[in-house]
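Trainee: Dumping the structure here so I can ask a few things about it.
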Amino acid sequence: MSLLAVHDLAVARGGLRTVEGISFSLAAGQALILRGPNGIGKTTLLRTVAGLQPPVTGRIEMAEDAVAYAAHADGLKGALTLTENLHFWAQVFGGGDVAGALAAMDLAALADRPAAALSAGQKRRLGLARLVVSRRPLWVLDEPTVSLDAASVSRFADMVRGHLGQGGAALIATHIDLGLDARVLDLTPFRARAAPAARPAGFNEAFA
Amino acid sequence: MIALLKRDLRLAIRAGGGFGLGVAFFLILCALVPFGVGPDTSALQPIAAGILWLGALLACLLSLDRIFALDHEDGSLDLLATSPLPLEGAVAVKALAHWITTGLPLIVAAPLFGILLHLPTAAIPSLLTSLLLGTPALSMLGAFGAAVTVGLRRGGLLLSLLVLPLYIPTLIFGTEMIRRGQEGGATATPLLFLAGITAGVLALVPFAAAAALRVNLR
Amino acid sequence: MSIWEYANPVKFMRTSGAVLPWVVAGAAVCTVTGLVWGFSTPDDYRQGSTVKIVFLHVPAAMMAINIWVMMLVTSLIWLIRRHHVSALAAKAAAPIGAVMTVIGLITGAVWGQPMWGTWWEWDPRLTSFLILLLFYIGYIALWSAVEDPDSAADLTGVLCLVGSVFALLSRYAVFFWNQGLHQGASLSVQSGERMSAVYRYPLYLTMLGFGLLFLSLLLVRTRTEIRRRRLAALQAREMRA
């Protein structure tokens, strides 16, 4: 059974198409790595899959409330402790093992510190621990390893492997090798082509 | 949703000044007015109701941009939008948190400041009722303005420009109610209008605000 | 043949380009004739020559409200059917509406001075127009503040909806607040003759003229907006190529 199926998807940033004609599907236990040069639209594609913006054309099929999204910003509050931060997201997403998630990212010792005291890498790990407490089957991750050291990267890879083992799936945009047994989708061939100059006069086409 | 309310209140307390700042601004405003118009009771009494309402309105305006801006910066808003919580509900809860941290302290402080401005004690019940009924609408409309301006660089000034005209009906009926209470007249008509506006705002504006947030998130 | 065909920018540009000279000519003829005719009417026995400001005041005030209604309709069309021309027409109309509101307010002040002995009175009608001006300013400011054109169209559309409700609400709240000095409507279908025919016909002509003036300004501005949008799209395409 596939958790996510994308058919002939085109996405746009600032009113302009970035990539088009993308189709893939993710079954339980599978991961897909997105590659491509800066600005090609990896983030836009991930935000579209996460439901934060509508696709220009194409279809995205998945169960409702399946996505856990993690991007450059971690959604953490510096004034709250690590436990409080995770506990909040656990409540919003419907329960999860806060202590287990902290342990998975090796943050248990810091559990009662305010998040403002964490280093950039530790904050990142806390942001990733949130994925575990969200209990969502499909992880959509945008550059998850930014500011992580080598040990943390391998711990994160273990976490993703564990998630896949439990029947989850992951869609990850990253440039480093996580050592996952995952397919790689290079977006470069899907870059949106400029429309031919003399396009037939259709609805709204004058603007695109 | 209760988790979101608890988190916002906890943040307001921890960040410091969440509760006190609006009231302090309100106090300064009420303290400055006599310097502008003179200390006589005859000068202050007729304008006391208006000053109190304007002060509450401006104090409310001060903290509006924080409703969504901080959550937008640290990515919480993206996560809330992908969570099972309906965005309309999240907007309403955040407006409620804003009201508890800003509106409620203003209501508690208003009778004291009314005394500073020589508001007759007979008008204090209608002052409290009008603020209690009116300020939730101020927070909700403010949340709409904050949702519209959340990603913008010059958001703060624009926010005031957009939100203040929306406050006019509430202001009119709020001050009218105090004025009538002061003169011992019947306050039922402005009270019903005020309550009606607030009820309408609370019922409908969350949808407009959530729609604006979705536009700003994409 | 459906009206929605004009939502196609290409079709809109072609049709509006053909219609524009006629609309401009019509606007010029109606406005100039109406004003000249209006100013050459005899003085009113009570209000004297000041009554003649009605030929500017009433059409401008009428357009100020009608333009907001037109913006509401085009915003709804954009929000529901997502036709870009509709959103751009709303954007193009706003400054014209704001100017009409200002003309209405200034002519009102100039008229109010000899009639009521004051330049400004917090009268419900005047106050409602001032509030309308605030809504216009907020709307225009929001358009200029949002960079992404589609987001700007969405946000201003939602603002226009909420603003319309509150503009209406404010209008009635203001009546509650102050009963006012302003005379009743100068032209009214129900209340029969309020104004002598001498003034009425030139007034109708200037109202038609102001309507056509708005239409011609709207067409010119919408065409400019469409070209600007097209230019931005072409530049963006070039950047990417």
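In the structure tokens, chains take the letters A, B, ... in the order shown, each chain's residues start at 1, and ligands count up from 1 in the order shown.
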What's around B:Val163 at 8 Å? Count only C-alpha atoms, leave out sequence neighbours fewer than 5 positions away in its own chain, and write the answer as a list in words.

Mentor: Leu141, Gly142 and Gly145 of chain B

Trainee: When you get a sec, could you note down which chain A residues fall within 12 Å of chain B, using only C-alpha atoms, as a ChimeraX atom specification?

Mentor: /A:11-15,43-55,64-81,84-95,114,116,123,127,130-131,134-136,138-140

Trainee: Just need the residues of chain C within 10 Å of chain A, counting only C-alpha atoms, so spit them out as a ChimeraX atom specification.

Mentor: /C:4-11,82-85,147-151,226-234,236-238,240-241

Trainee: For chain B, list the residues within 7 Å of chain C, counting only C-alpha atoms, and write the list as a ChimeraX atom specification.

Mentor: /B:148,152,161-162,165-166,168-169,172,208,212,215

Trainee: Give me the residues within 10 Å of A:Ser152 as a list in words, counting only C-alpha atoms and dropping any in the same chain fewer than 4 places off.

Mentor: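 The contact residues come out as Met105, Asp106, Gly121, Gln122, Arg124, Arg125, Thr145, Ser147, Leu148, Phe156, Ala157 and Asp158 of chain A.
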
Trainee: With N, CA and C atoms retained, write the just-selected residues as a PDB file, in the first residue's frame.

Mentor:
ATOM      1  N   MET A 105      17.337  11.151  20.233  1.00  0.00           N
ATOM      2  CA  MET A 105      18.257  12.149  19.694  1.00  0.00           C
ATOM      3  C   MET A 105      19.307  12.549  20.743  1.00  0.00           C
ATOM      4  N   ASP A 106      19.462  11.729  21.795  1.00  0.00           N
ATOM      5  CA  ASP A 106      20.482  11.960  22.809  1.00  0.00           C
ATOM      6  C   ASP A 106      20.343  13.327  23.477  1.00  0.00           C
ATOM      7  N   GLY A 121      23.031  22.887  16.677  1.00  0.00           N
ATOM      8  CA  GLY A 121      22.907  21.465  16.374  1.00  0.00           C
ATOM      9  C   GLY A 121      21.938  20.773  17.320  1.00  0.00           C
ATOM     10  N   GLN A 122      21.987  21.173  18.610  1.00  0.00           N
ATOM     11  CA  GLN A 122      21.069  20.560  19.579  1.00  0.00           C
ATOM     12  C   GLN A 122      19.626  20.938  19.278  1.00  0.00           C
ATOM     13  N   ARG A 124      18.458  21.593  16.388  1.00  0.00           N
ATOM     14  CA  ARG A 124      18.100  20.799  15.214  1.00  0.00           C
ATOM     15  C   ARG A 124      17.672  19.396  15.646  1.00  0.00           C
ATOM     16  N   ARG A 125      18.416  18.825  16.589  1.00  0.00           N
ATOM     17  CA  ARG A 125      18.083  17.475  17.050  1.00  0.00           C
ATOM     18  C   ARG A 125      16.727  17.463  17.746  1.00  0.00           C
ATOM     19  N   THR A 145      19.725  17.642   8.009  1.00  0.00           N
ATOM     20  CA  THR A 145      21.016  17.455   8.680  1.00  0.00           C
ATOM     21  C   THR A 145      21.808  18.741   8.828  1.00  0.00           C
ATOM     22  N   SER A 147      23.593  21.695  10.277  1.00  0.00           N
ATOM     23  CA  SER A 147      24.247  21.943  11.569  1.00  0.00           C
ATOM     24  C   SER A 147      24.334  20.719  12.486  1.00  0.00           C
ATOM     25  N   LEU A 148      24.181  19.531  11.932  1.00  0.00           N
ATOM     26  CA  LEU A 148      24.394  18.322  12.740  1.00  0.00           C
ATOM     27  C   LEU A 148      25.831  17.825  12.555  1.00  0.00           C
ATOM     28  N   PHE A 156      20.537  10.261  13.515  1.00  0.00           N
ATOM     29  CA  PHE A 156      19.327  10.635  12.774  1.00  0.00           C
ATOM     30  C   PHE A 156      18.989   9.570  11.729  1.00  0.00           C
ATOM     31  N   ALA A 157      20.053   9.060  11.037  1.00  0.00           N
ATOM     32  CA  ALA A 157      19.811   8.008  10.037  1.00  0.00           C
ATOM     33  C   ALA A 157      19.210   6.776  10.705  1.00  0.00           C
ATOM     34  N   ASP A 158      19.693   6.459  11.913  1.00  0.00           N
ATOM     35  CA  ASP A 158      19.122   5.326  12.649  1.00  0.00           C
ATOM     36  C   ASP A 158      17.645   5.564  12.936  1.00  0.00           C
TER      37      ASP A 158
END

Trainee: Would you list the contacts of B:Gly103 as a tab-separated table (two decimals) with C-alpha atoms, in the first residue's frame, taking every protein, DNA or RNA residue within 10 Å and counting only C-alpha atoms, but skipping same-chain residues closer than 4 positions in sequence?

Mentor:
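Below is the file part-v2.tsv, written as the result:
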chain	number	residue	atom	x	y	z
B	19	PHE	CA	0.72	40.72	31.02
B	22	GLY	CA	-0.22	46.67	27.89
B	23	VAL	CA	-1.44	47.87	31.28
B	56	ALA	CA	-7.62	50.04	25.77
B	57	LEU	CA	-7.72	50.01	21.99
B	59	ALA	CA	-2.79	49.03	24.30
B	60	CYS	CA	-4.42	46.12	22.51
B	96	LEU	CA	-8.18	34.17	23.07
B	97	ALA	CA	-4.64	33.98	24.45
B	98	HIS	CA	-4.08	37.56	23.31
B	99	TRP	CA	-7.28	38.63	25.03
B	107	ILE	CA	-10.40	45.45	32.16
B	108	VAL	CA	-9.13	44.89	35.70
B	131	LEU	CA	-14.90	46.51	27.98
B	132	LEU	CA	-15.78	42.93	28.84
B	134	GLY	CA	-15.98	44.77	23.43
B	135	THR	CA	-12.35	43.74	23.94
B	136	PRO	CA	-12.78	40.14	22.66
B	138	LEU	CA	-10.66	43.85	19.42
B	139	SER	CA	-8.43	40.78	19.91

Trainee: May I have all residues of stretch 23-171 of chain A that DSSP, computed from the backbone, assigns to alpha helix (DSSP H), given as a ChimeraX atom specification?

Mentor: /A:42-49,82-92,98-104,120-134,150-165

Trainee: Measure the distance from atom CA of B:Ala48 to atom CA of B:Phe193 in Å and round it to one decimal.

Mentor: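 These atoms are spaced 21.3 Å apart.
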
Trainee: Any idea what the distance is between atom CA of C:Leu203 and atom CA of C:Phe55?

Mentor: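 Going from atom CA of C:Leu203 over to atom CA of C:Phe55 covers 5.6 Å.
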
Trainee: Counting only C-alpha atoms, what is within 8 Å of B:Pro120, bar same-chain residues fewer than 3 positions away, as a list in words?

Mentor: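 So, after excluding close chain neighbours, the residues are Gln45, Ile115, Ala123, Ile124 and Gln182 of chain B.
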
Trainee: Excluding B:Ile100 and residues on its chain fewer than 5 positions from it, collect all residues at most 9 Å away from it, counting only C-alpha atoms, and give them as a list in words.

Mentor: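 In the requested format, the answer is Leu9, Phe19, Ala95 and Pro105 of chain B.
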
Trainee: Give me, please, the distance in Å between atom CA of C:Met71 and atom CA of C:Ile140, quoted to one decimal.

Mentor: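 Separating atom CA of C:Met71 from atom CA of C:Ile140 is a distance of 11.7 Å.
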
Trainee: Quick one: residues within 8 Å of C:Gly34, only C-alpha atoms counted, chain neighbours fewer than 3 positions away excluded, as a PyMOL selection string?

Mentor: chain C and resi 30-31+37-38+55+202-206+209

Trainee: Please extract the residues of chain A with a backbone DSSP assignment of strand (DSSP E) and present them as a PDB file with N, CA and C atoms, in the first residue's frame.

Mentor:
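Generated output (selection17.pdb):
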ATOM      1  N   SER A   2       0.576   2.163  -0.874  1.00  0.00           N
ATOM      2  CA  SER A   2       1.458   3.328  -0.918  1.00  0.00           C
ATOM      3  C   SER A   2       0.918   4.437  -0.016  1.00  0.00           C
ATOM      4  N   LEU A   3       1.854   5.066   0.711  1.00  0.00           N
ATOM      5  CA  LEU A   3       1.472   6.139   1.618  1.00  0.00           C
ATOM      6  C   LEU A   3       1.288   7.447   0.871  1.00  0.00           C
ATOM      7  N   LEU A   4       2.054   7.587  -0.201  1.00  0.00           N
ATOM      8  CA  LEU A   4       2.030   8.844  -0.940  1.00  0.00           C
ATOM      9  C   LEU A   4       2.182   8.532  -2.415  1.00  0.00           C
ATOM     10  N   ALA A   5       1.304   9.101  -3.228  1.00  0.00           N
ATOM     11  CA  ALA A   5       1.436   8.951  -4.673  1.00  0.00           C
ATOM     12  C   ALA A   5       1.318  10.326  -5.306  1.00  0.00           C
ATOM     13  N   VAL A   6       2.294  10.687  -6.102  1.00  0.00           N
ATOM     14  CA  VAL A   6       2.313  11.994  -6.751  1.00  0.00           C
ATOM     15  C   VAL A   6       2.248  11.758  -8.252  1.00  0.00           C
ATOM     16  N   HIS A   7       1.274  12.411  -8.908  1.00  0.00           N
ATOM     17  CA  HIS A   7       1.087  12.217 -10.340  1.00  0.00           C
ATOM     18  C   HIS A   7       1.292  13.527 -11.081  1.00  0.00           C
ATOM     19  N   ASP A   8       2.268  13.569 -11.972  1.00  0.00           N
ATOM     20  CA  ASP A   8       2.454  14.670 -12.915  1.00  0.00           C
ATOM     21  C   ASP A   8       2.349  16.041 -12.225  1.00  0.00           C
ATOM     22  N   LEU A   9       3.073  16.182 -11.137  1.00  0.00           N
ATOM     23  CA  LEU A   9       2.951  17.376 -10.301  1.00  0.00           C
ATOM     24  C   LEU A   9       3.797  18.530 -10.855  1.00  0.00           C
ATOM     25  N   ALA A  10       3.222  19.723 -10.839  1.00  0.00           N
ATOM     26  CA  ALA A  10       3.993  20.936 -11.120  1.00  0.00           C
ATOM     27  C   ALA A  10       3.787  21.884  -9.948  1.00  0.00           C
ATOM     28  N   VAL A  11       4.868  22.524  -9.501  1.00  0.00           N
ATOM     29  CA  VAL A  11       4.742  23.460  -8.386  1.00  0.00           C
ATOM     30  C   VAL A  11       5.313  24.806  -8.796  1.00  0.00           C
ATOM     31  N   ALA A  12       4.865  25.858  -8.096  1.00  0.00           N
ATOM     32  CA  ALA A  12       5.281  27.209  -8.455  1.00  0.00           C
ATOM     33  C   ALA A  12       5.741  27.958  -7.219  1.00  0.00           C
ATOM     34  N   ARG A  13       6.736  28.829  -7.413  1.00  0.00           N
ATOM     35  CA  ARG A  13       7.159  29.729  -6.344  1.00  0.00           C
ATOM     36  C   ARG A  13       7.067  31.143  -6.892  1.00  0.00           C
ATOM     37  N   LEU A  16       5.741  31.502 -10.444  1.00  0.00           N
ATOM     38  CA  LEU A  16       6.460  30.885 -11.559  1.00  0.00           C
ATOM     39  C   LEU A  16       6.674  29.406 -11.288  1.00  0.00           C
ATOM     40  N   ARG A  17       6.455  28.605 -12.305  1.00  0.00           N
ATOM     41  CA  ARG A  17       6.683  27.177 -12.148  1.00  0.00           C
ATOM     42  C   ARG A  17       8.163  26.909 -11.922  1.00  0.00           C
ATOM     43  N   THR A  18       8.464  26.014 -10.999  1.00  0.00           N
ATOM     44  CA  THR A  18       9.865  25.656 -10.790  1.00  0.00           C
ATOM     45  C   THR A  18      10.162  24.285 -11.386  1.00  0.00           C
ATOM     46  N   VAL A  19       9.419  23.266 -10.933  1.00  0.00           N
ATOM     47  CA  VAL A  19       9.586  21.943 -11.526  1.00  0.00           C
ATOM     48  C   VAL A  19       8.217  21.460 -11.981  1.00  0.00           C
ATOM     49  N   GLU A  20       8.217  20.582 -12.990  1.00  0.00           N
ATOM     50  CA  GLU A  20       6.940  20.067 -13.485  1.00  0.00           C
ATOM     51  C   GLU A  20       7.109  18.631 -13.950  1.00  0.00           C
ATOM     52  N   GLY A  21       5.986  17.948 -14.065  1.00  0.00           N
ATOM     53  CA  GLY A  21       5.986  16.582 -14.578  1.00  0.00           C
ATOM     54  C   GLY A  21       6.557  15.561 -13.617  1.00  0.00           C
ATOM     55  N   ILE A  22       6.441  15.802 -12.313  1.00  0.00           N
ATOM     56  CA  ILE A  22       7.020  14.885 -11.335  1.00  0.00           C
ATOM     57  C   ILE A  22       5.993  13.831 -10.931  1.00  0.00           C
ATOM     58  N   SER A  23       6.386  12.567 -11.003  1.00  0.00           N
ATOM     59  CA  SER A  23       5.532  11.479 -10.527  1.00  0.00           C
ATOM     60  C   SER A  23       6.387  10.525  -9.712  1.00  0.00           C
ATOM     61  N   PHE A  24       5.916  10.150  -8.557  1.00  0.00           N
ATOM     62  CA  PHE A  24       6.574   9.099  -7.787  1.00  0.00           C
ATOM     63  C   PHE A  24       5.584   8.584  -6.759  1.00  0.00           C
ATOM     64  N   SER A  25       5.911   7.447  -6.154  1.00  0.00           N
ATOM     65  CA  SER A  25       5.075   6.980  -5.063  1.00  0.00           C
ATOM     66  C   SER A  25       5.967   6.404  -3.977  1.00  0.00           C
ATOM     67  N   LEU A  26       5.474   6.460  -2.762  1.00  0.00           N
ATOM     68  CA  LEU A  26       6.215   5.972  -1.610  1.00  0.00           C
ATOM     69  C   LEU A  26       5.342   4.965  -0.877  1.00  0.00           C
ATOM     70  N   ALA A  27       5.842   3.728  -0.757  1.00  0.00           N
ATOM     71  CA  ALA A  27       5.106   2.727   0.008  1.00  0.00           C
ATOM     72  C   ALA A  27       5.652   2.689   1.431  1.00  0.00           C
ATOM     73  N   ALA A  31      11.969   5.136   1.465  1.00  0.00           N
ATOM     74  CA  ALA A  31      12.402   6.522   1.582  1.00  0.00           C
ATOM     75  C   ALA A  31      12.812   7.009   0.208  1.00  0.00           C
ATOM     76  N   LEU A  32      12.605   8.295  -0.030  1.00  0.00           N
ATOM     77  CA  LEU A  32      13.001   8.884  -1.310  1.00  0.00           C
ATOM     78  C   LEU A  32      13.823  10.132  -1.018  1.00  0.00           C
ATOM     79  N   ILE A  33      15.015  10.182  -1.631  1.00  0.00           N
ATOM     80  CA  ILE A  33      15.885  11.344  -1.439  1.00  0.00           C
ATOM     81  C   ILE A  33      15.739  12.261  -2.645  1.00  0.00           C
ATOM     82  N   LEU A  34      15.479  13.562  -2.402  1.00  0.00           N
ATOM     83  CA  LEU A  34      15.402  14.533  -3.493  1.00  0.00           C
ATOM     84  C   LEU A  34      16.745  15.221  -3.630  1.00  0.00           C
ATOM     85  N   ARG A  35      17.220  15.310  -4.865  1.00  0.00           N
ATOM     86  CA  ARG A  35      18.463  16.024  -5.140  1.00  0.00           C
ATOM     87  C   ARG A  35      18.189  17.084  -6.189  1.00  0.00           C
ATOM     88  N   THR A  57      -0.430  22.035 -11.128  1.00  0.00           N
ATOM     89  CA  THR A  57      -1.187  20.977 -11.794  1.00  0.00           C
ATOM     90  C   THR A  57      -0.783  19.662 -11.149  1.00  0.00           C
ATOM     91  N   GLY A  58      -1.484  18.607 -11.471  1.00  0.00           N
ATOM     92  CA  GLY A  58      -1.141  17.292 -10.960  1.00  0.00           C
ATOM     93  C   GLY A  58      -1.893  16.960  -9.694  1.00  0.00           C
ATOM     94  N   ARG A  59      -1.683  15.735  -9.216  1.00  0.00           N
ATOM     95  CA  ARG A  59      -2.415  15.259  -8.046  1.00  0.00           C
ATOM     96  C   ARG A  59      -1.459  14.729  -6.994  1.00  0.00           C
ATOM     97  N   ILE A  60      -1.836  14.886  -5.745  1.00  0.00           N
ATOM     98  CA  ILE A  60      -1.106  14.277  -4.635  1.00  0.00           C
ATOM     99  C   ILE A  60      -2.105  13.403  -3.892  1.00  0.00           C
ATOM    100  N   GLU A  61      -1.838  12.108  -3.832  1.00  0.00           N
ATOM    101  CA  GLU A  61      -2.760  11.210  -3.131  1.00  0.00           C
ATOM    102  C   GLU A  61      -2.113  10.719  -1.859  1.00  0.00           C
ATOM    103  N   MET A  62      -2.772  10.966  -0.749  1.00  0.00           N
ATOM    104  CA  MET A  62      -2.314  10.389   0.511  1.00  0.00           C
ATOM    105  C   MET A  62      -3.446  10.491   1.532  1.00  0.00           C
ATOM    106  N   VAL A  67       1.167  13.658   7.240  1.00  0.00           N
ATOM    107  CA  VAL A  67       2.486  14.252   7.061  1.00  0.00           C
ATOM    108  C   VAL A  67       3.026  14.866   8.350  1.00  0.00           C
ATOM    109  N   ALA A  68       4.283  14.579   8.641  1.00  0.00           N
ATOM    110  CA  ALA A  68       5.033  15.362   9.624  1.00  0.00           C
ATOM    111  C   ALA A  68       6.093  16.124   8.840  1.00  0.00           C
ATOM    112  N   TYR A  69       6.036  17.454   8.917  1.00  0.00           N
ATOM    113  CA  TYR A  69       6.905  18.287   8.092  1.00  0.00           C
ATOM    114  C   TYR A  69       7.981  18.909   8.973  1.00  0.00           C
ATOM    115  N   ALA A  70       9.217  18.893   8.515  1.00  0.00           N
ATOM    116  CA  ALA A  70      10.284  19.570   9.250  1.00  0.00           C
ATOM    117  C   ALA A  70      11.144  20.343   8.261  1.00  0.00           C
ATOM    118  N   LEU A 138       4.208   9.652   7.417  1.00  0.00           N
ATOM    119  CA  LEU A 138       5.019  10.176   6.313  1.00  0.00           C
ATOM    120  C   LEU A 138       5.828  11.381   6.776  1.00  0.00           C
ATOM    121  N   TRP A 139       7.145  11.218   6.785  1.00  0.00           N
ATOM    122  CA  TRP A 139       8.012  12.333   7.163  1.00  0.00           C
ATOM    123  C   TRP A 139       8.424  13.081   5.916  1.00  0.00           C
ATOM    124  N   VAL A 140       8.237  14.400   5.929  1.00  0.00           N
ATOM    125  CA  VAL A 140       8.664  15.240   4.818  1.00  0.00           C
ATOM    126  C   VAL A 140       9.728  16.175   5.372  1.00  0.00           C
ATOM    127  N   LEU A 141      10.983  15.941   4.981  1.00  0.00           N
ATOM    128  CA  LEU A 141      12.091  16.616   5.642  1.00  0.00           C
ATOM    129  C   LEU A 141      12.875  17.472   4.655  1.00  0.00           C
ATOM    130  N   ASP A 142      13.062  18.733   5.032  1.00  0.00           N
ATOM    131  CA  ASP A 142      13.794  19.661   4.179  1.00  0.00           C
ATOM    132  C   ASP A 142      15.164  19.919   4.803  1.00  0.00           C
ATOM    133  N   ALA A 169       7.259   6.137   6.101  1.00  0.00           N
ATOM    134  CA  ALA A 169       7.942   6.481   4.860  1.00  0.00           C
ATOM    135  C   ALA A 169       8.546   7.862   5.037  1.00  0.00           C
ATOM    136  N   ALA A 170       9.535   8.194   4.212  1.00  0.00           N
ATOM    137  CA  ALA A 170      10.183   9.491   4.352  1.00  0.00           C
ATOM    138  C   ALA A 170      10.510  10.062   2.990  1.00  0.00           C
ATOM    139  N   LEU A 171      10.277  11.367   2.859  1.00  0.00           N
ATOM    140  CA  LEU A 171      10.646  12.108   1.653  1.00  0.00           C
ATOM    141  C   LEU A 171      11.636  13.168   2.121  1.00  0.00           C
ATOM    142  N   ILE A 172      12.897  13.049   1.673  1.00  0.00           N
ATOM    143  CA  ILE A 172      13.950  13.868   2.261  1.00  0.00           C
ATOM    144  C   ILE A 172      14.694  14.629   1.167  1.00  0.00           C
ATOM    145  N   ALA A 173      14.825  15.949   1.344  1.00  0.00           N
ATOM    146  CA  ALA A 173      15.695  16.721   0.469  1.00  0.00           C
ATOM    147  C   ALA A 173      17.011  16.911   1.200  1.00  0.00           C
ATOM    148  N   ARG A 183      15.777   5.281  -2.603  1.00  0.00           N
ATOM    149  CA  ARG A 183      15.869   5.728  -3.989  1.00  0.00           C
ATOM    150  C   ARG A 183      16.248   7.207  -4.001  1.00  0.00           C
ATOM    151  N   VAL A 184      16.848   7.642  -5.108  1.00  0.00           N
ATOM    152  CA  VAL A 184      17.211   9.045  -5.248  1.00  0.00           C
ATOM    153  C   VAL A 184      16.491   9.600  -6.463  1.00  0.00           C
ATOM    154  N   LEU A 185      15.855  10.762  -6.283  1.00  0.00           N
ATOM    155  CA  LEU A 185      15.186  11.419  -7.404  1.00  0.00           C
ATOM    156  C   LEU A 185      15.899  12.744  -7.651  1.00  0.00           C
ATOM    157  N   ASP A 186      16.548  12.835  -8.822  1.00  0.00           N
ATOM    158  CA  ASP A 186      17.211  14.088  -9.174  1.00  0.00           C
ATOM    159  C   ASP A 186      16.207  14.964  -9.915  1.00  0.00           C
TER     160      ASP A 186
END
